[in-house]
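File shown: protein.cif. Contents: mmCIF, C-alpha atoms and all ligand atoms.
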```cif
data_protein
loop_
_atom_site.label_atom_id
_atom_site.label_comp_id
_atom_site.auth_asym_id
_atom_site.auth_seq_id
_atom_site.Cartn_x
_atom_site.Cartn_y
_atom_site.Cartn_z
CA MET L 1 0.00 0.00 0.00
CA GLU L 2 1.40 3.40 -1.02
CA LYS L 3 -0.64 5.61 1.29
CA MET L 4 1.17 7.25 4.20
CA ILE L 5 0.02 5.78 7.52
CA GLY L 6 0.55 8.05 10.52
CA PHE L 7 0.41 7.25 14.23
CA ILE L 8 0.05 9.83 16.97
CA GLY L 9 0.97 7.91 20.12
CA MET L 10 3.18 4.85 20.02
CA GLY L 11 2.60 2.86 23.15
CA ASN L 12 1.47 -0.74 23.55
CA MET L 13 -1.32 -0.67 20.96
CA GLY L 14 0.35 1.65 18.44
CA GLN L 15 3.44 -0.55 18.40
CA ALA L 16 1.39 -3.74 18.11
CA ILE L 17 -0.40 -2.35 15.03
CA VAL L 18 2.80 -1.10 13.39
CA LYS L 19 4.53 -4.43 14.00
CA GLY L 20 1.49 -6.31 12.67
CA ILE L 21 1.04 -4.33 9.43
CA LEU L 22 4.77 -4.42 8.64
CA GLU L 23 5.15 -8.13 9.33
CA ALA L 24 2.03 -8.90 7.29
CA GLY L 25 3.54 -6.90 4.39
CA PHE L 26 0.47 -4.64 4.27
CA THR L 27 2.82 -1.67 3.90
CA THR L 28 6.51 -0.88 4.17
CA ALA L 29 8.41 1.11 6.80
CA GLU L 30 8.93 4.18 4.58
CA ASN L 31 5.15 4.62 4.42
CA VAL L 32 4.79 4.80 8.21
CA ILE L 33 5.42 7.87 10.36
CA ALA L 34 4.84 8.07 14.11
CA SER L 35 5.05 10.58 16.92
CA ARG L 36 4.88 10.18 20.66
CA ARG L 37 5.35 12.37 23.68
CA ASN L 38 8.36 10.55 25.09
CA VAL L 39 10.89 11.44 22.42
CA ASP L 40 13.70 9.37 24.01
CA LEU L 41 11.89 6.20 23.02
CA LEU L 42 11.43 7.33 19.42
CA GLN L 43 14.90 6.36 18.25
CA GLU L 44 14.36 2.88 19.68
CA LEU L 45 11.18 2.65 17.60
CA HIS L 46 13.07 3.76 14.51
CA ALA L 47 15.71 1.09 15.16
CA ASP L 48 13.12 -1.63 15.86
CA PHE L 49 10.75 -0.95 12.97
CA GLY L 50 12.65 1.28 10.50
CA ILE L 51 9.70 3.70 10.47
CA ARG L 52 10.07 7.49 10.48
CA VAL L 53 9.66 9.00 13.92
CA THR L 54 9.14 12.55 15.13
CA GLY L 55 8.29 14.41 18.32
CA ASP L 56 5.89 16.61 16.34
CA ASN L 57 2.27 15.43 16.10
CA LYS L 58 1.57 18.05 13.43
CA GLU L 59 4.22 16.61 11.13
CA VAL L 60 2.45 13.22 11.30
CA ALA L 61 -0.97 14.82 10.78
CA ARG L 62 0.26 16.82 7.78
CA GLU L 63 1.61 13.74 5.98
CA ALA L 64 -0.85 10.99 6.86
CA ASP L 65 -3.49 9.68 4.47
CA ILE L 66 -4.58 7.29 7.23
CA LEU L 67 -4.12 8.84 10.67
CA PHE L 68 -4.22 6.60 13.73
CA LEU L 69 -4.90 8.29 17.03
CA ALA L 70 -3.20 5.88 19.43
CA VAL L 71 -3.12 7.95 22.61
CA LYS L 72 -5.16 7.35 25.76
CA PRO L 73 -8.87 8.17 25.41
CA HIS L 74 -8.76 11.29 27.62
CA LEU L 75 -6.15 12.86 25.30
CA TYR L 76 -8.17 12.47 22.09
CA ASP L 77 -9.90 15.83 22.25
CA SER L 78 -6.72 17.84 22.95
CA VAL L 79 -4.63 15.96 20.35
CA ILE L 80 -7.32 16.47 17.69
CA LYS L 81 -7.50 20.19 18.52
CA GLU L 82 -3.71 20.37 18.22
CA VAL L 83 -3.62 18.87 14.70
CA ARG L 84 -7.05 19.46 13.12
CA ASP L 85 -5.99 22.44 11.03
CA VAL L 86 -3.17 20.55 9.30
CA VAL L 87 -4.86 17.18 8.69
CA LYS L 88 -5.33 16.44 4.96
CA ALA L 89 -8.88 17.07 3.75
CA GLU L 90 -9.26 13.50 2.48
CA ALA L 91 -7.48 11.79 5.39
CA ILE L 92 -9.10 8.84 7.15
CA ILE L 93 -8.94 9.21 10.93
CA VAL L 94 -8.67 5.97 12.90
CA ASN L 95 -10.07 5.99 16.41
CA ILE L 96 -8.95 2.99 18.51
CA ALA L 97 -9.84 4.38 21.92
CA ALA L 98 -12.12 2.81 24.49
CA GLY L 99 -15.19 4.98 25.01
CA VAL L 100 -14.60 7.41 22.12
CA SER L 101 -17.40 7.36 19.54
CA LEU L 102 -17.53 8.34 15.87
CA SER L 103 -19.52 11.44 16.81
CA ASP L 104 -16.99 12.43 19.54
CA ILE L 105 -14.30 12.60 16.85
CA ALA L 106 -16.43 14.76 14.53
CA GLU L 107 -17.21 17.02 17.49
CA SER L 108 -13.52 17.50 18.34
CA PHE L 109 -12.72 18.27 14.69
CA GLY L 110 -15.66 20.67 14.55
CA LYS L 111 -16.55 19.42 11.08
CA PRO L 112 -17.45 16.14 9.38
CA VAL L 113 -14.39 13.94 8.82
CA LYS L 114 -13.92 10.40 7.57
CA VAL L 115 -13.56 8.25 10.67
CA VAL L 116 -12.99 4.56 11.23
CA ARG L 117 -13.71 3.40 14.75
CA ALA L 118 -11.72 0.26 15.46
CA MET L 119 -11.26 -1.86 18.57
CA PRO L 120 -8.11 -3.97 18.15
CA ASN L 121 -6.18 -6.05 20.67
CA THR L 122 -2.47 -6.61 21.30
CA PRO L 123 -2.30 -10.06 19.61
CA ALA L 124 -2.29 -7.93 16.42
CA ALA L 125 1.47 -7.80 17.00
CA VAL L 126 1.72 -11.50 16.08
CA GLY L 127 -0.89 -11.58 13.31
CA GLU L 128 -3.65 -12.98 15.56
CA GLY L 129 -5.50 -9.80 16.42
CA MET L 130 -9.28 -9.53 16.51
CA VAL L 131 -10.52 -6.17 15.33
CA ALA L 132 -14.03 -4.71 15.23
CA LEU L 133 -14.66 -1.85 12.81
CA CYS L 134 -17.36 0.66 12.03
CA PHE L 135 -17.38 3.71 9.78
CA SER L 136 -18.64 7.27 9.79
CA GLU L 137 -20.35 8.76 6.75
CA GLY L 138 -18.10 9.78 3.91
CA LEU L 139 -15.87 6.77 3.30
CA SER L 140 -16.15 5.31 -0.18
CA LYS L 141 -16.69 1.57 -0.64
CA ASP L 142 -13.02 1.29 -1.71
CA GLU L 143 -11.85 3.12 1.40
CA GLN L 144 -13.96 0.86 3.62
CA GLU L 145 -12.53 -2.21 1.92
CA GLU L 146 -9.02 -0.83 2.31
CA MET L 147 -9.54 -0.40 6.05
CA VAL L 148 -10.96 -3.92 6.40
CA ALA L 149 -7.84 -5.16 4.56
CA LEU L 150 -5.52 -3.12 6.79
CA PHE L 151 -7.04 -4.50 9.97
CA GLY L 152 -7.47 -7.95 8.43
CA SER L 153 -3.68 -8.04 7.97
CA LEU L 154 -3.43 -7.98 11.78
CA GLY L 155 -5.48 -11.16 12.17
CA LYS L 156 -9.24 -11.02 11.76
CA ALA L 157 -11.35 -7.92 11.15
CA GLU L 158 -15.12 -7.71 11.25
CA ILE L 159 -17.54 -4.84 10.70
CA VAL L 160 -19.67 -4.46 13.82
CA GLU L 161 -22.43 -1.99 14.72
CA GLU L 162 -21.10 0.81 16.91
CA ARG L 163 -23.57 -0.08 19.70
CA LEU L 164 -21.66 -3.38 20.19
CA PHE L 165 -18.26 -1.79 20.78
CA ASP L 166 -18.58 -2.05 24.58
CA ALA L 167 -19.17 -5.79 24.21
CA VAL L 168 -16.20 -6.04 21.85
CA ILE L 169 -13.94 -4.48 24.48
CA GLY L 170 -14.99 -7.18 26.96
CA VAL L 171 -14.63 -10.13 24.64
CA SER L 172 -11.53 -9.17 22.64
CA GLY L 173 -10.08 -5.68 23.36
CA SER L 174 -9.38 -6.32 27.04
CA SER L 175 -9.67 -10.11 27.19
CA PRO L 176 -6.04 -10.93 26.34
CA ALA L 177 -5.16 -9.68 29.85
CA LEU L 178 -7.58 -12.22 31.37
CA LEU L 179 -6.24 -15.02 29.17
CA PHE L 180 -2.62 -14.17 30.09
CA MET L 181 -3.68 -14.43 33.74
CA VAL L 182 -5.13 -17.90 33.07
CA ILE L 183 -1.86 -19.00 31.43
CA GLU L 184 0.08 -17.60 34.38
CA ALA L 185 -2.15 -19.39 36.90
CA MET L 186 -1.97 -22.71 35.02
CA ALA L 187 1.81 -22.42 35.00
CA ASP L 188 1.88 -21.67 38.74
CA ALA L 189 -0.02 -24.90 39.37
CA VAL L 190 2.41 -27.09 37.42
CA VAL L 191 5.48 -25.28 38.71
CA LYS L 192 4.13 -26.45 42.08
CA ALA L 193 4.09 -29.97 40.63
CA GLY L 194 7.77 -29.61 39.63
CA MET L 195 7.76 -28.33 36.04
CA PRO L 196 10.28 -25.57 35.18
CA ARG L 197 8.57 -22.18 34.73
CA ALA L 198 9.53 -21.60 31.07
CA GLN L 199 8.36 -25.06 30.06
CA ALA L 200 5.10 -24.53 31.97
CA TYR L 201 4.34 -21.35 29.94
CA GLN L 202 5.00 -23.23 26.69
CA PHE L 203 2.63 -26.03 27.61
CA ALA L 204 -0.10 -23.77 28.95
CA ALA L 205 0.06 -21.32 26.03
CA GLN L 206 0.06 -24.06 23.39
CA ALA L 207 -2.93 -25.71 25.10
CA MET L 208 -4.79 -22.37 24.93
CA LEU L 209 -3.81 -21.80 21.30
CA GLY L 210 -4.88 -25.31 20.29
CA SER L 211 -8.17 -25.07 22.15
CA ALA L 212 -8.99 -21.73 20.51
CA LYS L 213 -8.14 -23.19 17.11
CA MET L 214 -10.50 -26.12 17.71
CA VAL L 215 -13.36 -23.75 18.51
CA LEU L 216 -12.68 -21.70 15.39
CA GLU L 217 -12.10 -24.59 13.01
CA SER L 218 -14.59 -27.21 14.18
CA GLY L 219 -17.54 -24.90 14.77
CA ALA L 220 -18.43 -27.30 17.61
CA HIS L 221 -20.01 -26.05 20.83
CA PRO L 222 -17.26 -25.31 23.41
CA GLY L 223 -19.16 -27.49 25.90
CA ALA L 224 -19.01 -30.47 23.54
CA LEU L 225 -15.27 -29.96 23.06
CA LYS L 226 -14.91 -29.85 26.87
CA ASP L 227 -16.94 -33.07 27.23
CA ALA L 228 -14.63 -34.83 24.76
CA VAL L 229 -11.64 -34.17 27.08
CA CYS L 230 -13.40 -35.60 30.14
CA SER L 231 -12.77 -39.33 30.32
CA PRO L 232 -15.22 -41.03 32.71
CA GLY L 233 -13.65 -41.24 36.15
CA GLY L 234 -10.56 -39.49 34.81
CA THR L 235 -8.41 -36.44 35.57
CA THR L 236 -10.26 -33.79 33.59
CA ILE L 237 -13.64 -34.18 35.27
CA GLU L 238 -11.83 -33.60 38.59
CA MET L 239 -10.48 -30.37 37.09
CA VAL L 240 -13.92 -29.33 35.82
CA VAL L 241 -15.62 -29.99 39.17
CA LYS L 242 -12.95 -28.02 41.07
CA ALA L 243 -13.19 -25.12 38.56
CA GLU L 244 -16.97 -25.01 39.02
CA GLU L 245 -16.60 -25.17 42.82
CA ALA L 246 -14.25 -22.17 42.63
CA GLY L 247 -16.74 -20.30 40.46
CA LEU L 248 -14.53 -20.14 37.37
CA ARG L 249 -17.26 -19.44 34.82
CA ASN L 250 -18.95 -16.89 37.02
CA ALA L 251 -15.59 -15.21 37.69
CA VAL L 252 -14.99 -14.95 33.93
CA ILE L 253 -18.49 -13.59 33.30
CA GLN L 254 -18.07 -10.98 36.03
CA ALA L 255 -14.61 -9.98 34.81
CA VAL L 256 -15.75 -9.53 31.20
CA GLU L 257 -18.91 -7.72 32.36
CA ALA L 258 -16.75 -5.32 34.40
CA ALA L 259 -14.76 -4.35 31.28
CA VAL L 260 -18.00 -3.84 29.34
CA ALA L 261 -19.42 -1.72 32.17
CA LYS L 262 -16.27 0.41 32.34
CA SER L 263 -16.43 0.96 28.59
CA ILE L 264 -20.05 2.09 28.90
CA GLU L 265 -19.04 4.46 31.73
CA MET L 266 -16.19 5.88 29.59
CA ASN L 267 -18.68 6.71 26.82
CA GLY L 268 -19.82 9.42 29.19
N1 LIG D 301 -3.41 -1.64 25.03
C1 LIG D 301 -4.40 -2.31 24.46
O1 LIG D 301 -4.47 -3.55 24.53
C2 LIG D 301 -5.48 -1.58 23.70
C3 LIG D 301 -5.54 -0.19 23.69
N2 LIG D 301 -6.52 0.45 22.97
C4 LIG D 301 -6.56 1.91 22.92
O2 LIG D 301 -5.34 2.35 22.39
C5 LIG D 301 -5.03 3.63 22.91
C6 LIG D 301 -3.59 3.65 23.41
O3 LIG D 301 -3.50 2.71 24.47
P1 LIG D 301 -2.10 2.06 24.88
O4 LIG D 301 -1.26 1.87 23.67
O5 LIG D 301 -2.42 0.90 25.76
O6 LIG D 301 -1.49 3.25 25.77
P2 LIG D 301 0.03 3.59 26.06
O7 LIG D 301 0.06 4.43 27.28
O8 LIG D 301 0.86 2.35 26.00
O9 LIG D 301 0.44 4.51 24.80
C7 LIG D 301 0.05 5.83 24.65
C8 LIG D 301 1.10 6.55 23.83
O10 LIG D 301 0.70 7.90 23.63
C9 LIG D 301 1.83 8.74 23.78
N3 LIG D 301 1.35 10.08 24.06
C10 LIG D 301 0.83 10.57 25.25
N4 LIG D 301 0.47 11.86 25.09
C11 LIG D 301 0.74 12.18 23.80
C12 LIG D 301 0.59 13.36 23.04
N5 LIG D 301 0.06 14.48 23.57
N6 LIG D 301 0.99 13.34 21.76
C13 LIG D 301 1.51 12.22 21.20
N7 LIG D 301 1.69 11.06 21.87
C14 LIG D 301 1.31 11.06 23.15
C15 LIG D 301 2.65 8.10 24.86
O11 LIG D 301 4.00 8.55 24.81
C16 LIG D 301 2.50 6.62 24.46
O12 LIG D 301 3.43 6.32 23.45
C17 LIG D 301 -6.05 3.94 24.00
O13 LIG D 301 -6.95 4.91 23.51
C18 LIG D 301 -6.71 2.60 24.28
O14 LIG D 301 -8.07 2.74 24.63
C19 LIG D 301 -7.45 -0.25 22.23
C20 LIG D 301 -7.44 -1.62 22.22
C21 LIG D 301 -6.48 -2.40 22.97
O1 LIG D 302 -7.60 -1.09 29.05
C1 LIG D 302 -8.06 -0.34 28.16
O2 LIG D 302 -8.77 0.64 28.46
C2 LIG D 302 -7.74 -0.62 26.72
C3 LIG D 302 -8.97 -0.76 25.87
C4 LIG D 302 -9.07 -2.20 25.53
C5 LIG D 302 -7.81 -2.77 25.99
N1 LIG D 302 -7.06 -1.88 26.59
#
```
Please go through the file and, once you have read it, give me the structure as structure tokens.
Ligand SMILES: NC(=O)C1=CN([C@@H]2O[C@H](COP(=O)(O)OP(=O)(O)OC[C@H]3O[C@@H](n4cnc5c(N)ncnc54)[C@H](O)[C@@H]3O)[C@@H](O)[C@H]2O)C=CC1
Ligand SMILES: O=C(O)[C@@H]1CCC=N1
Amino acid sequence: MEKMIGFIGMGNMGQAIVKGILEAGFTTAENVIASRRNVDLLQELHADFGIRVTGDNKEVAREADILFLAVKPHLYDSVIKEVRDVVKAEAIIVNIAAGVSLSDIAESFGKPVKVVRAMPNTPAAVGEGMVALCFSEGLSKDEQEEMVALFGSLGKAEIVEERLFDAVIGVSGSSPALLFMVIEAMADAVVKAGMPRAQAYQFAAQAMLGSAKMVLESGAHPGALKDAVCSPGGTTIEMVVKAEEAGLRNAVIQAVEAAVAKSIEMNG
């Protein structure tokens, strides 16, 4: 892709997206420019990714055909006000923030702009991201397809109604944190049983990856896949009973619900 892709903010999510689009070959490093507040870290980013870096948000805004705003949600309004006069008239603005709507972006710009609202997650860095997308008015069919392709290069991308973005945060935007905690806890248990820590992470993570792949590829109900692991009188049913006793499913439901509720609260 020849368009210039700009990033204002280059923290965890900005870096995951840059790494993902470069590794997928969606674009090349000379077509990516990024700014962030902590200029000391910029040279490191240049060395890691080969992208152009600057401490000047306006320079990014001036050059970008696709402009990612990858700062924290509370900074969106001030960053937009800082750059809105230099953003290209035809630029597509990408909003990845929790709790920032399509209409919030138009309001900060003070005029209609082409906006893509996206909710990605950090597995985008390894080509296994899950991204929800929705669009403001004004994007052509080609531009919409281009954005689906950009986010699709990070893993999977799906167009979702804006009203479902709070749910998306619970199930995919925030959920990697919960899943990393599960891997960590599984490893703790087998370290207790004598397995070295690094080996425990390998086994736990591969079990999670394989299980996820079975859900995606078989289309089978997760409960049926669980049943197929439980040999009568065996080890797994002991695990399942203990997990239910400890309230595992309810803990997961409550944790995901809390992220959804926080997202709703952030919408203001
Ligand atoms: N971390 C994640 O897994 C996900 C994050 N998001 C969204 O991505 C956005 C960024 O989140 P993170 O990357 O986690 O935050 P972060 O704190 O890791 O990164 C924020 C970046 O913005 C920079 N920054 C701060 N003020 C700035 C300014 N005035 N001008 C330019 N750069 C500035 C910081 O130096 C830093 O590089 C948030 O809006 C968040 O809701 C969305 C999905 C997942
Ligand atoms: O924690 C957050 O607010 C962001 C949004 C989704 C994942 N990280």
- Task: Could you pull out the residues sitting within 9 Å of ligand LIG 302 (chain D), using only C-alpha atoms and all ligand atoms, and write them as a ChimeraX atom specification?
- Result: /L:13,72-73,96-99,119-122,168-170,172-177,259,262-263
- Could you tell me which of L:His74, L:Arg52, L:Lys141, L:His46 comes closest to ligand LIG 301 (chain D) if we count all atoms listed in the file?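 Residue with the minimum atom-to-atom distance to ligand LIG 301 (chain D): L:His74.
For the choices L:Leu154, L:Ala24, L:Leu69, L:Leu179, the atom-to-atom distance to L:Met10 is smallest for L:Leu69 when using all atoms listed in the file.
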- Message: With distances taken over all atoms listed in the file, which residue among L:Pro112, L:Glu23, L:Glu128, L:Phe135 lies nearest L:Val160?
- Response: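 Of the candidates, the smallest distance to L:Val160 is held by L:Phe135.
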List the spatial neighbours of L:Ile8 as a PDB file with C-alpha atoms, keeping the file's coordinate frame - criterion: any atom at most 7 Å away, all atoms listed in the file, same-chain residues fewer than 5 positions off excluded.
```pdb
ATOM      1  CA  ALA L  34       4.840   8.070  14.110  1.00  0.00           C
ATOM      2  CA  SER L  35       5.050  10.580  16.920  1.00  0.00           C
ATOM      3  CA  ARG L  36       4.880  10.180  20.660  1.00  0.00           C
ATOM      4  CA  ASN L  57       2.270  15.430  16.100  1.00  0.00           C
ATOM      5  CA  PHE L  68      -4.220   6.600  13.730  1.00  0.00           C
ATOM      6  CA  LEU L  69      -4.900   8.290  17.030  1.00  0.00           C
ATOM      7  CA  ALA L  70      -3.200   5.880  19.430  1.00  0.00           C
ATOM      8  CA  VAL L  71      -3.120   7.950  22.610  1.00  0.00           C
TER       9      VAL L  71
END
```
Can you find the residues with an atom no farther than 10 Å from (-13.9, 18.1, 21.1), counting all atoms listed in the file, and report them as a compact mmCIF listing (two decimals) with C-alpha atoms, in the frame of the given file?
```txt
# COMPACT_ATOMS: atom_id res chain seq x y z
CA TYR L 76 -8.17 12.47 22.09
CA ASP L 77 -9.90 15.83 22.25
CA SER L 78 -6.72 17.84 22.95
CA VAL L 79 -4.63 15.96 20.35
CA ILE L 80 -7.32 16.47 17.69
CA LYS L 81 -7.50 20.19 18.52
CA SER L 103 -19.52 11.44 16.81
CA ASP L 104 -16.99 12.43 19.54
CA ILE L 105 -14.30 12.60 16.85
CA ALA L 106 -16.43 14.76 14.53
CA GLU L 107 -17.21 17.02 17.49
CA SER L 108 -13.52 17.50 18.34
CA PHE L 109 -12.72 18.27 14.69
CA GLY L 110 -15.66 20.67 14.55
```
- Query: What does the distance between atom CA of L:Thr27 and atom CA of L:Glu146 come to in Å, to one decimal place?
  - Reply: 12.0 Å
Expected axis-aligned box over every listed atom of ligand LIG 301 (chain D), 4 Å added per side, centre plus edges in Å to one decimal, as lines of an AutoDock Vina configuration file:
```
center_x = -2.0
center_y = 5.5
center_z = 24.2
size_x = 20.1
size_y = 26.0
size_z = 14.1
```
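Among L:Val94, L:Ile51, L:Ile66, L:Ala243, the residue with the shortest atom-to-atom distance to ligand LIG 301 (chain D), counting all atoms listed in the file, is L:Val94.
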- Could you please give me, as a ChimeraX atom specification, the residues of protein, DNA or RNA lying at most 8 Å from (-12.8, 7.6, 11.1) in the coordinate frame of the file, considering all atoms listed in the file? /L:92-95,102,105,113-117,135-136
- Note on the structure: Residue with the minimum atom-to-atom distance to ligand LIG 301 (chain D), picked from L:Glu90, L:Glu137, L:Glu143, L:Asp166 with all atoms listed in the file counted, is L:Asp166
- Have a look at L:Phe151, L:Phe49, L:Phe26, L:Tyr201 and name the one nearest to L:Phe180; count only C-alpha atoms.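 Comparing L:Phe151, L:Phe49, L:Phe26, L:Tyr201 against L:Phe180, the winner is L:Tyr201.
As for atom CA of L:Val190 and atom CA of L:Pro222, they are spaced 24.2 Å apart.
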- Gap from atom CA of L:Lys226 to atom CA of L:Ala124 - Å, one decimal: 27.4 Å
- Do a neighbour search on L:Ala149 at 12 Å with only C-alpha atoms, toss out local chain neighbours closer than 4 positions, and write the hits as a PyMOL selection string. chain L and resi 1+21+24-27+131+133+142-145+153-159
Written-out stretch 32-61 of chain L (N, CA and C atoms) as a PDB file, in the first residue's frame:
```pdb
ATOM      1  N   VAL L  32       5.332   4.660   6.847  1.00  0.00           N
ATOM      2  CA  VAL L  32       4.789   4.798   8.206  1.00  0.00           C
ATOM      3  C   VAL L  32       5.553   5.899   8.945  1.00  0.00           C
ATOM      4  N   ILE L  33       4.809   6.803   9.551  1.00  0.00           N
ATOM      5  CA  ILE L  33       5.421   7.868  10.358  1.00  0.00           C
ATOM      6  C   ILE L  33       4.694   7.921  11.706  1.00  0.00           C
ATOM      7  N   ALA L  34       5.459   8.099  12.777  1.00  0.00           N
ATOM      8  CA  ALA L  34       4.838   8.074  14.108  1.00  0.00           C
ATOM      9  C   ALA L  34       5.426   9.133  15.020  1.00  0.00           C
ATOM     10  N   SER L  35       4.572   9.646  15.887  1.00  0.00           N
ATOM     11  CA  SER L  35       5.049  10.578  16.919  1.00  0.00           C
ATOM     12  C   SER L  35       4.604  10.061  18.282  1.00  0.00           C
ATOM     13  N   ARG L  36       5.324  10.445  19.295  1.00  0.00           N
ATOM     14  CA  ARG L  36       4.877  10.178  20.661  1.00  0.00           C
ATOM     15  C   ARG L  36       5.469  11.234  21.563  1.00  0.00           C
ATOM     16  N   ARG L  37       4.933  11.306  22.778  1.00  0.00           N
ATOM     17  CA  ARG L  37       5.347  12.369  23.684  1.00  0.00           C
ATOM     18  C   ARG L  37       6.754  12.130  24.217  1.00  0.00           C
ATOM     19  N   ASN L  38       7.050  10.871  24.547  1.00  0.00           N
ATOM     20  CA  ASN L  38       8.356  10.546  25.094  1.00  0.00           C
ATOM     21  C   ASN L  38       9.360  10.355  23.959  1.00  0.00           C
ATOM     22  N   VAL L  39      10.042  11.461  23.608  1.00  0.00           N
ATOM     23  CA  VAL L  39      10.890  11.435  22.415  1.00  0.00           C
ATOM     24  C   VAL L  39      12.109  10.515  22.569  1.00  0.00           C
ATOM     25  N   ASP L  40      12.529  10.254  23.812  1.00  0.00           N
ATOM     26  CA  ASP L  40      13.700   9.375  24.008  1.00  0.00           C
ATOM     27  C   ASP L  40      13.455   7.989  23.424  1.00  0.00           C
ATOM     28  N   LEU L  41      12.192   7.561  23.488  1.00  0.00           N
ATOM     29  CA  LEU L  41      11.893   6.203  23.021  1.00  0.00           C
ATOM     30  C   LEU L  41      11.724   6.142  21.502  1.00  0.00           C
ATOM     31  N   LEU L  42      11.699   7.311  20.855  1.00  0.00           N
ATOM     32  CA  LEU L  42      11.429   7.325  19.418  1.00  0.00           C
ATOM     33  C   LEU L  42      12.552   6.668  18.618  1.00  0.00           C
ATOM     34  N   GLN L  43      13.783   6.914  19.020  1.00  0.00           N
ATOM     35  CA  GLN L  43      14.903   6.355  18.250  1.00  0.00           C
ATOM     36  C   GLN L  43      14.899   4.837  18.328  1.00  0.00           C
ATOM     37  N   GLU L  44      14.496   4.334  19.502  1.00  0.00           N
ATOM     38  CA  GLU L  44      14.363   2.884  19.682  1.00  0.00           C
ATOM     39  C   GLU L  44      13.328   2.322  18.688  1.00  0.00           C
ATOM     40  N   LEU L  45      12.230   3.081  18.535  1.00  0.00           N
ATOM     41  CA  LEU L  45      11.177   2.648  17.600  1.00  0.00           C
ATOM     42  C   LEU L  45      11.689   2.660  16.169  1.00  0.00           C
ATOM     43  N   HIS L  46      12.495   3.674  15.851  1.00  0.00           N
ATOM     44  CA  HIS L  46      13.072   3.757  14.512  1.00  0.00           C
ATOM     45  C   HIS L  46      13.975   2.543  14.296  1.00  0.00           C
ATOM     46  N   ALA L  47      14.796   2.230  15.295  1.00  0.00           N
ATOM     47  CA  ALA L  47      15.714   1.090  15.164  1.00  0.00           C
ATOM     48  C   ALA L  47      14.941  -0.229  15.065  1.00  0.00           C
ATOM     49  N   ASP L  48      13.877  -0.361  15.848  1.00  0.00           N
ATOM     50  CA  ASP L  48      13.117  -1.626  15.860  1.00  0.00           C
ATOM     51  C   ASP L  48      12.338  -1.838  14.565  1.00  0.00           C
ATOM     52  N   PHE L  49      11.697  -0.778  14.079  1.00  0.00           N
ATOM     53  CA  PHE L  49      10.751  -0.952  12.966  1.00  0.00           C
ATOM     54  C   PHE L  49      11.220  -0.328  11.652  1.00  0.00           C
ATOM     55  N   GLY L  50      12.208   0.582  11.712  1.00  0.00           N
ATOM     56  CA  GLY L  50      12.650   1.279  10.502  1.00  0.00           C
ATOM     57  C   GLY L  50      11.682   2.364  10.052  1.00  0.00           C
ATOM     58  N   ILE L  51      10.676   2.661  10.853  1.00  0.00           N
ATOM     59  CA  ILE L  51       9.698   3.696  10.468  1.00  0.00           C
ATOM     60  C   ILE L  51      10.257   5.084  10.779  1.00  0.00           C
ATOM     61  N   ARG L  52       9.681   6.122  10.156  1.00  0.00           N
ATOM     62  CA  ARG L  52      10.069   7.487  10.481  1.00  0.00           C
ATOM     63  C   ARG L  52       9.425   7.897  11.790  1.00  0.00           C
ATOM     64  N   VAL L  53      10.193   8.592  12.619  1.00  0.00           N
ATOM     65  CA  VAL L  53       9.659   9.003  13.919  1.00  0.00           C
ATOM     66  C   VAL L  53       9.897  10.494  14.107  1.00  0.00           C
ATOM     67  N   THR L  54       9.018  11.117  14.873  1.00  0.00           N
ATOM     68  CA  THR L  54       9.144  12.550  15.132  1.00  0.00           C
ATOM     69  C   THR L  54       8.494  12.873  16.478  1.00  0.00           C
ATOM     70  N   GLY L  55       8.930  13.966  17.078  1.00  0.00           N
ATOM     71  CA  GLY L  55       8.293  14.405  18.317  1.00  0.00           C
ATOM     72  C   GLY L  55       7.128  15.344  18.033  1.00  0.00           C
ATOM     73  N   ASP L  56       6.863  15.583  16.743  1.00  0.00           N
ATOM     74  CA  ASP L  56       5.890  16.605  16.339  1.00  0.00           C
ATOM     75  C   ASP L  56       4.611  15.962  15.782  1.00  0.00           C
ATOM     76  N   ASN L  57       3.553  16.028  16.551  1.00  0.00           N
ATOM     77  CA  ASN L  57       2.273  15.431  16.104  1.00  0.00           C
ATOM     78  C   ASN L  57       1.781  16.058  14.794  1.00  0.00           C
ATOM     79  N   LYS L  58       2.057  17.355  14.631  1.00  0.00           N
ATOM     80  CA  LYS L  58       1.568  18.049  13.428  1.00  0.00           C
ATOM     81  C   LYS L  58       2.241  17.516  12.171  1.00  0.00           C
ATOM     82  N   GLU L  59       3.507  17.159  12.292  1.00  0.00           N
ATOM     83  CA  GLU L  59       4.220  16.615  11.129  1.00  0.00           C
ATOM     84  C   GLU L  59       3.535  15.318  10.679  1.00  0.00           C
ATOM     85  N   VAL L  60       3.157  14.477  11.628  1.00  0.00           N
ATOM     86  CA  VAL L  60       2.453  13.225  11.304  1.00  0.00           C
ATOM     87  C   VAL L  60       1.101  13.542  10.659  1.00  0.00           C
ATOM     88  N   ALA L  61       0.379  14.481  11.269  1.00  0.00           N
ATOM     89  CA  ALA L  61      -0.972  14.818  10.779  1.00  0.00           C
ATOM     90  C   ALA L  61      -0.919  15.400   9.365  1.00  0.00           C
TER      91      ALA L  61
END
```
